[in-house]
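Asks: The structure under discussion is supplied below as structure tokens; questions concerning it will follow.
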Amino acid sequence: MNRSKIFERYIQIADVLGRIFPNVLEVVVHDFKDLDHSIIFIVNGQISNRKIGDAASELGIRRLLDQENIPDTLVNYINQNNRGQKFKSASIAIRDDDRKMIGAFCFNFDLSQFEQFQKFLGLFMGCETNILVGLNDINDKFLTNEEEIQDGIKNYLLNNRLNHTQLTYKDKQEIVNHLYKVGLFKKRGAISTIANFLKLTRQCIYNYLELAKNKES
């Protein structure tokens, strides 16, 4: 089956699921041919504030880089958008007939609309809800990771006497290679933090990571 036919099947399923669960279930189809514009179809995109033509998620890029350790199917993991709304998410790798990974089929179920109802049930049953604590834990961890990653970049710049406003693409490639070696790309939010700090696209980050991996092998 050719590439377009494969994606056509997933797009049809995405459209149906999105219409069954309007405003609460976001369904996204990614084509990894262009990581900076990988979203080729999205239903209820207002949930994550994304649209067709937007970039691949960090999970998608990690999948391409570490296919042996990340399963093709991930279900019921916690996610959230830039407004702090919590999602229940799932993701399936899309492969062609030769088993090459070519994209991803993703679901984000918006739990925020049910939080008030959950709080009411908590009060009604005489129990305390810990939803806010959970969200704070997630946010605090993310912020800590972001600061740690930025510190890692700043220390590299200081040790190598580099100015972050005058970095060449070669400098940026070396920084990405260093951060990969010290394990900072394993931190949640690493790709976004590094891309923003170095003013690189996700595609560039992916290409530099591929080079870093090849140096190890």
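Convention: chains lettered A, B, ... in structure tokens order; per-chain residue numbering from 1; ligands numbered from 1 as shown.
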Can you pull out every residue within 7 Å of A:Glu58, counting only C-alpha atoms, but drop anything in the same chain fewer than 3 positions away, and send it as a VMD selection string?

Replies: chain A and resid 61 to 62 191

Asks: Got a sec: who's within 12 Å of stretch 192-209 of chain A, counting only C-alpha atoms, leaving out chain neighbours fewer than 6 positions off, as an MDAnalysis selection string?

Replies: chainID A and resid 32:38 54:66 142:154 157 163:181 183:185 215:216

Asks: Which of stretch 13-108 of chain A end up as strand (DSSP E) when DSSP is run on this backbone - answer as JSON, numbers by chain?

Replies: {"A": [25, 26, 27, 28, 29, 30, 31, 39, 40, 41, 42, 43, 73, 74, 75, 76, 77, 78, 79, 80, 86, 87, 88, 89, 90, 91, 92, 93, 94, 95, 101, 102, 103, 104, 105, 106, 107, 108]}

Asks: Identify, on the basis of only C-alpha atoms, every residue whose closest approach to A:Ser48 does not exceed 12 Å; exclude the query and any residue fewer than 5 positions from it along the same chain; express the result as a ChimeraX atom specification.

Replies: /A:23-28,42-43,54,57,79-87,89,107-110

Asks: Between A:Asn159, A:Asn214, A:Gln12, A:Gln46, single out the one closest to A:Phe105, counting only C-alpha atoms.

Replies: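 Ranked by minimum distance to A:Phe105, first place goes to A:Gln12.
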
Asks: Show me, as a list in words, the residues that have an atom within 10 Å of A:Arg3 when counting only C-alpha atoms, minus same-chain residues fewer than 2 positions from it.

Replies: Met1, Lys5, Ile6, Phe7, Glu8, Asp31, Arg95, Asp96, Asp97 and Ile102 of chain A

Asks: Now that the selection is made, can you save its residues with C-alpha atoms as an mmCIF file, in the first residue's frame?

Replies:
data_model
loop_
_atom_site.group_PDB
_atom_site.id
_atom_site.type_symbol
_atom_site.label_atom_id
_atom_site.label_comp_id
_atom_site.auth_asym_id
_atom_site.auth_seq_id
_atom_site.Cartn_x
_atom_site.Cartn_y
_atom_site.Cartn_z
ATOM 1 C CA MET A 1 0.000 0.000 0.000
ATOM 2 C CA LYS A 5 -3.292 5.326 1.050
ATOM 3 C CA ILE A 6 -1.913 4.436 4.472
ATOM 4 C CA PHE A 7 -2.469 7.963 5.779
ATOM 5 C CA GLU A 8 -5.891 8.137 4.151
ATOM 6 C CA ASP A 31 3.544 12.425 8.667
ATOM 7 C CA ARG A 95 4.450 2.091 9.681
ATOM 8 C CA ASP A 96 4.466 1.302 5.976
ATOM 9 C CA ASP A 97 4.440 -2.172 4.420
ATOM 10 C CA ILE A 102 6.404 7.051 8.695
#
